[in-house]
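So this one's entry.txt, compact mmCIF, C-alpha atoms:
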# COMPACT_ATOMS: atom_id res chain seq x y z
CA MET A 1 22.62 12.64 29.53
CA LYS A 2 25.85 14.69 29.77
CA ASN A 3 25.77 15.42 26.03
CA ILE A 4 22.18 16.63 26.33
CA ASN A 5 23.19 18.98 29.18
CA TRP A 6 26.00 20.45 27.08
CA ILE A 7 23.61 21.01 24.18
CA TRP A 8 21.25 22.93 26.45
CA ILE A 9 24.06 25.04 27.89
CA ILE A 10 25.34 25.97 24.41
CA ALA A 11 21.80 26.84 23.30
CA LEU A 12 21.25 29.08 26.31
CA LEU A 13 24.57 30.87 25.76
CA TRP A 14 23.69 31.43 22.10
CA LEU A 15 20.29 32.89 23.05
CA ALA A 16 21.88 35.14 25.66
CA SER A 17 24.40 36.49 23.13
CA CYS A 18 21.60 37.17 20.65
CA ASN A 19 19.58 39.01 23.26
CA LYS A 20 22.55 41.22 24.18
CA SER A 21 23.29 42.13 20.58
CA ASP A 22 19.64 43.00 19.93
CA TYR A 23 19.23 45.00 23.13
CA LYS A 24 18.66 48.73 22.70
CA PRO A 25 18.89 50.68 25.95
CA GLU A 26 16.29 53.28 26.80
CA PRO A 27 17.50 56.86 26.31
CA VAL A 28 18.88 58.29 29.52
CA GLU A 29 17.42 61.55 30.77
CA ILE A 30 19.41 63.85 33.01
CA PRO A 31 17.70 63.73 36.40
CA GLU A 32 16.11 66.88 37.67
CA LEU A 33 18.08 68.54 40.45
CA PRO A 34 16.00 68.89 43.61
CA GLY A 35 16.11 72.08 45.65
CA THR A 36 19.75 72.26 46.74
CA SER A 37 20.30 72.92 50.42
CA THR A 38 21.45 76.48 51.00
CA GLU A 39 22.57 75.90 54.56
CA ASP A 40 26.09 74.73 53.74
CA LEU A 41 26.74 77.21 50.92
CA VAL A 42 28.58 80.32 52.08
CA LEU A 43 30.66 82.42 49.74
CA GLU A 44 31.14 85.83 51.28
CA VAL A 45 32.32 87.50 48.08
CA VAL A 46 28.88 86.71 46.62
CA ASP A 47 26.69 86.76 49.71
CA ASN A 48 27.84 90.12 51.09
CA ASP A 49 27.08 91.94 47.84
CA ILE A 50 23.73 90.22 47.43
CA GLU A 51 22.65 91.00 50.97
CA ALA A 52 23.77 94.64 50.68
CA PHE A 53 21.82 94.96 47.41
CA MET A 54 18.70 93.46 48.99
CA THR A 55 18.91 95.84 51.95
CA ARG A 56 19.46 98.87 49.69
CA TYR A 57 16.38 98.17 47.59
CA ASN A 58 14.19 96.41 50.17
CA VAL A 59 14.18 93.22 48.10
CA PRO A 60 11.89 90.56 49.63
CA GLY A 61 13.49 87.53 47.97
CA LEU A 62 16.22 86.62 45.52
CA SER A 63 17.63 83.40 44.14
CA LEU A 64 20.75 82.87 42.08
CA ALA A 65 22.74 80.13 40.40
CA ILE A 66 26.27 80.29 38.99
CA THR A 67 28.09 77.85 36.72
CA LYS A 68 31.78 77.63 35.97
CA ASN A 69 32.96 75.61 32.98
CA GLY A 70 29.65 73.80 32.77
CA LYS A 71 29.45 72.91 36.49
CA LEU A 72 26.94 74.40 38.88
CA VAL A 73 29.24 75.84 41.54
CA TYR A 74 26.83 78.01 43.51
CA ALA A 75 23.08 78.12 44.04
CA LYS A 76 21.37 79.91 46.88
CA GLY A 77 18.11 81.53 47.93
CA TYR A 78 17.93 84.71 49.99
CA GLY A 79 15.05 86.34 51.82
CA PHE A 80 11.39 85.52 51.47
CA ALA A 81 9.33 83.80 48.82
CA ASP A 82 6.28 84.93 50.79
CA ARG A 83 6.86 87.56 53.47
CA GLU A 84 3.42 87.24 54.99
CA ALA A 85 3.68 83.47 55.37
CA GLY A 86 7.32 83.60 56.49
CA LEU A 87 8.27 81.27 53.61
CA LYS A 88 11.95 81.50 52.65
CA VAL A 89 13.34 81.45 49.10
CA ASP A 90 15.31 78.31 48.27
CA THR A 91 16.99 77.06 45.12
CA GLY A 92 13.81 75.33 44.03
CA SER A 93 11.73 78.53 44.22
CA GLN A 94 10.30 79.55 40.88
CA PHE A 95 9.99 83.08 39.48
CA ARG A 96 8.39 84.67 36.45
CA LEU A 97 11.14 84.82 33.85
CA ALA A 98 9.58 87.69 31.89
CA SER A 99 11.91 88.49 28.96
CA LEU A 100 14.44 85.79 29.85
CA SER A 101 11.85 83.68 28.04
CA LYS A 102 13.13 85.19 24.78
CA TRP A 103 16.42 83.28 25.12
CA ILE A 104 14.40 80.05 25.27
CA THR A 105 12.26 80.99 22.26
CA SER A 106 15.29 81.99 20.22
CA THR A 107 16.99 78.66 21.03
CA THR A 108 13.91 76.77 19.83
CA ILE A 109 13.74 78.80 16.60
CA MET A 110 17.45 78.24 15.97
CA LYS A 111 17.03 74.50 16.53
CA LEU A 112 14.32 74.43 13.85
CA ILE A 113 16.65 76.35 11.52
CA GLN A 114 19.46 73.88 12.26
CA GLN A 115 17.10 71.03 11.39
CA GLY A 116 16.22 72.65 8.07
CA ARG A 117 12.58 73.12 9.04
CA LEU A 118 12.77 76.93 8.97
CA GLY A 119 14.95 79.55 7.29
CA PHE A 120 16.68 82.43 9.08
CA ASN A 121 15.56 84.81 6.33
CA ASP A 122 12.14 83.30 5.68
CA LYS A 123 9.28 85.77 5.25
CA VAL A 124 6.68 85.56 8.01
CA PHE A 125 3.45 86.93 6.51
CA GLY A 126 1.84 86.67 3.09
CA THR A 127 1.26 84.06 0.43
CA GLY A 128 3.96 81.38 0.67
CA ALA A 129 5.37 82.80 3.93
CA VAL A 130 5.68 80.86 7.20
CA LEU A 131 2.38 82.05 8.69
CA GLY A 132 0.79 82.70 5.30
CA THR A 133 -2.40 84.77 5.42
CA THR A 134 -3.93 83.01 8.42
CA PHE A 135 -3.95 86.05 10.68
CA GLY A 136 -5.51 89.42 9.97
CA THR A 137 -7.01 90.42 6.67
CA ALA A 138 -5.15 90.09 3.37
CA PRO A 139 -3.93 91.90 1.40
CA TYR A 140 -1.71 93.08 4.24
CA PRO A 141 -1.00 96.79 4.72
CA GLY A 142 2.35 98.52 4.40
CA ASN A 143 5.49 96.40 4.65
CA VAL A 144 4.04 93.55 6.72
CA THR A 145 4.90 90.98 4.04
CA GLN A 146 8.56 92.04 4.18
CA ILE A 147 9.07 90.95 7.83
CA THR A 148 11.48 88.03 8.22
CA VAL A 149 12.30 85.57 11.00
CA GLU A 150 15.72 87.18 11.38
CA GLN A 151 14.18 90.62 11.89
CA LEU A 152 11.85 89.38 14.60
CA LEU A 153 14.82 87.79 16.39
CA HIS A 154 16.78 91.05 16.16
CA HIS A 155 13.87 93.35 17.11
CA THR A 156 14.03 95.08 13.73
CA GLY A 157 10.62 93.96 12.42
CA GLY A 158 9.51 97.53 11.74
CA GLY A 159 6.77 97.88 14.33
CA TRP A 160 4.78 96.62 17.31
CA GLY A 161 7.63 97.62 19.61
CA ASN A 162 7.70 98.52 23.27
CA SER A 163 8.63 102.15 22.62
CA SER A 164 4.99 103.06 22.03
CA ASN A 165 2.05 101.19 23.57
CA ASP A 166 3.28 97.60 23.65
CA PRO A 167 0.42 95.73 21.93
CA MET A 168 0.94 92.60 24.02
CA PHE A 169 -0.98 94.11 26.93
CA ALA A 170 -3.87 95.44 24.83
CA ASN A 171 -7.23 93.76 24.31
CA PRO A 172 -6.79 91.29 27.18
CA THR A 173 -9.84 89.23 26.21
CA TYR A 174 -8.42 88.43 22.77
CA THR A 175 -6.90 85.06 21.97
CA GLN A 176 -3.39 84.97 20.53
CA ALA A 177 -4.82 84.66 17.02
CA GLN A 178 -7.22 87.56 17.53
CA LEU A 179 -4.47 89.74 18.99
CA LEU A 180 -2.12 89.09 16.07
CA GLY A 181 -4.91 89.79 13.58
CA TRP A 182 -5.66 93.09 15.32
CA MET A 183 -1.98 94.07 15.24
CA ILE A 184 -1.71 93.41 11.52
CA ASN A 185 -4.94 95.20 10.65
CA ASP A 186 -4.93 98.10 13.09
CA ARG A 187 -1.34 98.76 14.16
CA PRO A 188 0.59 99.90 11.06
CA LEU A 189 4.35 99.36 11.03
CA ALA A 190 6.28 102.46 12.02
CA ASN A 191 9.41 101.63 10.00
CA THR A 192 10.63 99.58 7.07
CA PRO A 193 11.50 96.10 8.38
CA GLY A 194 15.21 95.61 8.95
CA THR A 195 16.08 99.29 9.36
CA VAL A 196 15.35 100.33 12.96
CA SER A 197 15.75 98.62 16.33
CA ASP A 198 12.66 98.72 18.56
CA TYR A 199 12.58 96.10 21.32
CA SER A 200 9.43 94.10 20.69
CA ASN A 201 7.60 91.63 22.89
CA ALA A 202 5.25 91.19 19.95
CA GLY A 203 8.09 89.95 17.75
CA PHE A 204 8.86 87.05 20.10
CA PHE A 205 5.16 86.39 20.60
CA ILE A 206 5.01 85.89 16.81
CA LEU A 207 8.10 83.66 16.91
CA GLY A 208 6.24 81.47 19.38
CA MET A 209 3.40 81.18 16.89
CA ILE A 210 5.89 80.29 14.16
CA ILE A 211 7.12 77.42 16.34
CA GLU A 212 3.53 76.21 16.60
CA LYS A 213 3.01 76.43 12.84
CA ILE A 214 6.22 74.56 11.99
CA THR A 215 5.86 71.82 14.60
CA GLY A 216 2.10 71.39 14.75
CA LYS A 217 2.26 71.52 18.55
CA ALA A 218 1.42 74.14 21.15
CA TYR A 219 4.48 76.32 21.86
CA GLN A 220 4.74 75.37 25.54
CA GLN A 221 4.41 71.66 24.83
CA TYR A 222 6.91 71.61 22.00
CA VAL A 223 9.55 73.59 23.90
CA THR A 224 9.06 71.39 26.97
CA ASP A 225 9.37 68.12 25.05
CA SER A 226 12.02 69.04 22.48
CA ILE A 227 14.24 71.57 24.25
CA LEU A 228 13.81 71.50 28.03
CA LYS A 229 13.32 67.81 28.85
CA PRO A 230 16.44 66.69 26.94
CA MET A 231 18.31 69.21 29.12
CA GLY A 232 17.01 67.53 32.27
CA ILE A 233 14.48 70.30 32.98
CA ALA A 234 11.17 68.87 34.13
CA ASN A 235 9.35 71.55 36.11
CA MET A 236 9.23 74.66 33.94
CA SER A 237 5.80 75.90 32.89
CA PHE A 238 3.91 79.07 32.02
CA ALA A 239 3.29 81.56 34.81
CA ASN A 240 -0.22 82.74 35.53
CA THR A 241 -1.23 86.36 35.94
CA SER A 242 -3.11 86.45 39.24
CA LEU A 243 -2.07 85.78 42.82
CA ALA A 244 -4.73 83.07 42.94
CA GLY A 245 -3.04 81.35 40.00
CA ARG A 246 0.35 81.16 41.71
CA LYS A 247 2.06 77.79 41.16
CA PRO A 248 3.11 75.54 44.12
CA LYS A 249 6.81 76.55 44.13
CA GLU A 250 6.27 80.06 42.78
CA VAL A 251 7.28 83.08 44.86
CA LYS A 252 4.92 85.91 45.72
CA TYR A 253 5.62 89.20 43.96
CA TYR A 254 5.94 92.64 45.53
CA GLY A 255 6.46 96.24 44.48
CA THR A 256 4.13 98.29 42.28
CA GLY A 257 1.16 96.37 40.91
CA PRO A 258 2.62 92.87 40.59
CA TYR A 259 -0.85 91.42 40.06
CA SER A 260 -2.33 94.36 38.17
CA TYR A 261 -2.17 92.69 34.74
CA ALA A 262 -5.44 91.57 33.23
CA GLU A 263 -6.20 87.89 33.76
CA GLY A 264 -4.53 85.68 31.16
CA VAL A 265 -2.16 88.31 29.75
CA ILE A 266 1.08 86.69 30.97
CA PRO A 267 0.44 83.19 29.58
CA ARG A 268 -0.90 84.76 26.36
CA ILE A 269 2.42 86.53 25.76
CA GLY A 270 3.89 83.07 25.15
CA GLY A 271 7.38 83.08 23.67
CA ALA A 272 8.04 86.68 24.71
CA GLY A 273 7.72 86.27 28.46
CA ALA A 274 5.47 83.53 29.83
CA TRP A 275 7.91 81.05 31.38
CA LEU A 276 8.27 80.30 35.09
CA ALA A 277 11.49 78.69 36.39
CA SER A 278 14.04 78.31 39.14
CA PRO A 279 17.60 79.62 38.71
CA ILE A 280 18.99 76.07 38.59
CA ASP A 281 16.66 75.23 35.72
CA MET A 282 17.91 78.30 33.88
CA MET A 283 21.49 77.20 34.34
CA ARG A 284 20.63 73.72 33.07
CA PHE A 285 19.33 75.56 30.01
CA LEU A 286 22.18 78.02 29.57
CA VAL A 287 25.07 75.55 29.86
CA ARG A 288 23.57 73.78 26.82
CA VAL A 289 23.45 76.87 24.61
CA ASP A 290 26.53 78.80 25.75
CA GLY A 291 29.00 77.68 23.07
CA PHE A 292 31.47 76.21 25.57
CA THR A 293 32.80 72.70 25.08
CA THR A 294 32.38 71.60 28.71
CA VAL A 295 28.75 70.49 28.22
CA PRO A 296 27.36 69.44 24.82
CA ASP A 297 25.18 72.17 23.32
CA VAL A 298 21.82 71.58 21.67
CA LEU A 299 22.92 73.88 18.82
CA ASP A 300 25.99 73.37 16.64
CA ALA A 301 28.73 75.98 16.33
CA ASN A 302 27.39 77.48 13.09
CA THR A 303 23.88 77.87 14.51
CA LEU A 304 25.19 79.42 17.73
CA SER A 305 27.23 81.84 15.65
CA MET A 306 24.06 82.83 13.79
CA MET A 307 22.17 83.13 17.07
CA SER A 308 24.80 85.46 18.57
CA SER A 309 25.06 87.59 15.41
CA LYS A 310 24.09 91.26 15.33
CA THR A 311 23.13 93.56 12.48
CA THR A 312 23.78 97.22 11.83
CA ALA A 313 20.15 97.95 12.67
CA SER A 314 19.97 95.73 15.78
CA GLY A 315 22.94 97.33 17.55
CA ASN A 316 24.11 95.08 20.39
CA TYR A 317 21.02 92.84 20.25
CA ALA A 318 21.63 89.35 18.87
CA CYS A 319 18.87 86.71 18.77
CA GLY A 320 17.20 86.50 22.17
CA PHE A 321 19.99 88.21 24.11
CA LEU A 322 22.42 91.12 23.93
CA VAL A 323 26.15 90.90 23.22
CA SER A 324 28.55 93.35 24.87
CA THR A 325 31.58 94.85 23.13
CA ASN A 326 33.83 92.30 24.84
CA GLY A 327 31.65 89.34 23.82
CA ASN A 328 29.62 88.63 26.95
CA TRP A 329 25.98 87.62 26.46
CA TYR A 330 23.26 88.97 28.74
CA HIS A 331 19.57 89.75 29.10
CA GLY A 332 17.13 91.04 31.67
CA GLY A 333 13.50 90.35 32.44
CA THR A 334 10.94 92.74 33.86
CA TYR A 335 7.32 92.65 34.97
CA ASN A 336 5.66 94.59 37.75
CA GLY A 337 7.02 92.74 40.76
CA THR A 338 9.77 90.99 38.79
CA ARG A 339 13.37 91.84 37.86
CA ASN A 340 15.81 89.25 36.49
CA TRP A 341 19.30 89.14 35.01
CA MET A 342 21.20 86.39 33.15
CA VAL A 343 24.80 86.47 31.94
CA ARG A 344 27.18 84.28 29.95
CA THR A 345 30.79 85.48 30.06
CA THR A 346 33.62 84.74 27.64
CA THR A 347 35.58 83.25 30.55
CA GLY A 348 33.34 80.23 31.13
CA TYR A 349 30.95 81.57 33.76
CA ASN A 350 27.16 81.77 33.55
CA TRP A 351 24.75 83.09 36.14
CA VAL A 352 21.15 84.09 36.65
CA ILE A 353 19.55 86.22 39.37
CA LEU A 354 15.77 86.10 39.85
CA ILE A 355 14.02 88.66 42.09
CA ASN A 356 10.43 89.02 43.27
CA THR A 357 10.04 92.80 43.30
CA SER A 358 10.02 95.74 40.90
CA ALA A 359 13.12 97.74 40.01
CA THR A 360 13.42 101.30 41.32
CA GLY A 361 16.16 103.94 41.10
CA ASN A 362 19.55 102.47 40.22
CA PHE A 363 18.31 98.95 40.88
CA SER A 364 19.08 97.60 37.38
CA THR A 365 22.56 99.18 37.24
CA ASP A 366 23.47 97.74 40.62
CA LEU A 367 21.97 94.37 39.69
CA ASP A 368 24.35 94.14 36.73
CA LYS A 369 27.31 94.67 39.08
CA LEU A 370 26.50 91.64 41.22
CA VAL A 371 28.56 88.43 40.87
CA TRP A 372 31.25 90.10 38.72
CA PRO A 373 33.62 90.67 41.68
CA ALA A 374 33.48 86.95 42.46
CA VAL A 375 34.03 85.67 38.92
CA ASN A 376 36.77 88.22 38.19
CA ASN A 377 38.72 87.28 41.32
CA SER A 378 41.00 84.33 40.60
CA SER A 379 41.21 83.52 44.32
CA THR A 380 37.46 83.04 44.77
CA ALA A 381 37.02 79.68 46.52
CA TRP A 382 34.20 78.14 44.52
CA PRO A 383 32.77 74.97 46.06
CA ASP A 384 34.46 71.84 44.75
CA LYS A 385 31.37 69.74 44.11
CA ASN A 386 29.23 70.03 41.00
CA LEU A 387 25.67 70.80 42.17
CA PHE A 388 24.14 69.53 38.95

Show me the file's structure as structure tokens.
Amino acid sequence: MKNINWIWIIALLWLASCNKSDYKPEPVEIPELPGTSTEDLVLEVVDNDIEAFMTRYNVPGLSLAITKNGKLVYAKGYGFADREAGLKVDTGSQFRLASLSKWITSTTIMKLIQQGRLGFNDKVFGTGAVLGTTFGTAPYPGNVTQITVEQLLHHTGGGWGNSSNDPMFANPTYTQAQLLGWMINDRPLANTPGTVSDYSNAGFFILGMIIEKITGKAYQQYVTDSILKPMGIANMSFANTSLAGRKPKEVKYYGTGPYSYAEGVIPRIGGAGAWLASPIDMMRFLVRVDGFTTVPDVLDANTLSMMSSKTTASGNYACGFLVSTNGNWYHGGTYNGTRNWMVRTTTGYNWVILINTSATGNFSTDLDKLVWPAVNNSSTAWPDKNLF
């Protein structure tokens, strides 16, 4: 009987060792950060400037998040998400990102390039090009077939820019496909592609459609599944246009005509400006594409170098953001009722400020000055704990 017991014990141990060696753990996702309490966060060097700015420009609500060396060191909401309801902004409040969405679209395009699924200099329209002749009527007019992915990223595509009648807000009843066809057929390029900078929502709208063509998935779904979720971001989505379409955690917008856009126009703009997010979500995103070694990036060093490159024609615009003369990355976002600002410094800091009102006067200049006094002061007492 004893020998039989030992045989069973040995067999069970052998089975256990086999099970351990064959075991493959489920991939671990970074948990989403809930709305961080703002009650115990006080940093006067930040708060005083923010509150003075809000008073100067009658800002209803503002939310910000700051990272240092990959750690979330400050996140706070100020003022009202909904003045009429008395609802305060917190760190979970969501805002229209407007053109901060371009940073997300550029990251997704660069990831596809890194994977070898797309080329930086690939042609966009025409036979054999990424989008082929699906949209509009071939043969294409002018220099449309010369437009490349790189030029769209750098805002040097030759036309459809914001300087004259941004086409993204025209024909509000059109689908994305109909709008792009109309642009190609009826809005001739103003310049030879690659020669002139003209900031273009349409260019990033087209990049969103390229993502759909390459991946076979809707832009929002692919970005959510392949870029945002691996970063631990679970609650980002497209904003709606109307007040009635406001999402559960979304702020209310103020200023001139925040809900004056035709129904459906904001989600239709897609990769150029449709995303809705909280500041903490944006910092979860930025620390994974900032080129610092503190948190692993989703893009390798060569791809990030390409993403932050500029051309003679593009001036200080890289791919989805601008690069200052001293190497800082930054971008703004604007809709009626929305003004945002996001920065990545060369010294290891990132921050984003999201605001629920329109910019007036020197608003944008003063917005750019916020947070810098705190990050440039070596004695700033940043909270010790990592809020991520």

Would you list the contacts of Gln178 in chain A as a VMD selection string, taking every protein, DNA or RNA residue within 10 Å and counting all atoms listed in the file, but skipping same-chain residues closer than 5 positions in sequence?
chain A and resid 135 to 136 171 173 183

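Put simply, CA of Met110 in chain A is 8.0 Å away from CA of Leu304 in chain A.
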
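With all atoms listed in the file as the atoms that count, the minimum distance from Ala177 in chain A to the choices A:Ser93, A:Ser106, A:Thr134, A:Ser278 is reached by A:Thr134.
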
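Among the candidates A:Val89, A:Val265, A:Leu207, A:Ala52, the residue lying nearest to His154 in chain A is A:Leu207 (atoms considered: all atoms listed in the file).
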
Tell me which of A:Leu131, A:Met342, A:Val375, A:Leu153 sits closest to Glu212 in chain A, counting all atoms listed in the file.
A:Leu131

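Non-sequential neighbours of Lys247 in chain A (distance at most 9 Å, separation of 5 or more positions within a chain, only C-alpha atoms) are Gln94, Ala239 and Asn240 of chain A.
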
Axis-aligned box for all listed atoms of range 185-190 of chain A, 3 Å per side, centre and edges in Å to one decimal, as JSON:
{"center_x": 0.7, "center_y": 98.8, "center_z": 12.4, "size_x": 17.2, "size_y": 13.3, "size_z": 9.5}

Report as a PyMOL selection string all protein, DNA and RNA residues lying within 12 Å of range 268-270 of chain A, evaluated on all atoms listed in the file, omitting residues in the same chain fewer than 5 positions from it.
chain A and resi 97-102+104-105+166-180+200-212+218-221+223+237-241+261-263+275-276

Between A:Asp122, A:Asp47, A:Asp82, A:Asp198, which one has atoms that come closest to Gly315 in chain A, using only C-alpha atoms?
A:Asp198

Within 10 Å of range 143-152 of chain A, counting all atoms listed in the file, which residues qualify if same-chain residues fewer than 5 places away don't, as a ChimeraX atom specification?
/A:106,109,118-127,129-130,132-133,157-159,184-185,188-197,199-207,210,306-307,311,313-314,318-320

Compile the contact shell of Gly348 in chain A as a list in words: residues with an atom at most 8 Å away, counting all atoms listed in the file, same-chain residues fewer than 4 positions apart removed.
Lys68, Asn69, Gly70, Phe292 and Arg344 of chain A

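Among the candidate residues A:Gly337, A:Ile214, A:Val323, A:Gly271, the one lying nearest to Thr256 in chain A is A:Gly337, with distances computed using only C-alpha atoms.
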
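Minimum distance to Pro60 in chain A across A:Gly361, A:Gly116, A:Gly255, A:Pro139 (counting only C-alpha atoms) occurs at A:Gly255.
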
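Computed from the coordinates, the CA of Gly77 in chain A to CA of Arg288 in chain A distance equals 23.1 Å.
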
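In this structure, CA of Ala374 in chain A sits 22.3 Å away from CA of Val295 in chain A.
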
At most 8 Å is the cut-off: for each residue in range 185-293 of chain A with any atom that close to an atom of range 356-360 of chain A, write down the nearest atom pair and the distance in Å rounded to one decimal, counting only C-alpha atoms, chain first then increasing number, as a tab-separated table.
residue	atom	partner	partner_atom	distance
A:Val251	CA	A:Asn356	CA	6.9
A:Lys252	CA	A:Asn356	CA	6.8
A:Tyr253	CA	A:Asn356	CA	4.9
A:Tyr254	CA	A:Thr357	CA	4.7
A:Gly255	CA	A:Ser358	CA	5.1
A:Thr256	CA	A:Ser358	CA	6.6
A:Pro258	CA	A:Thr357	CA	7.9
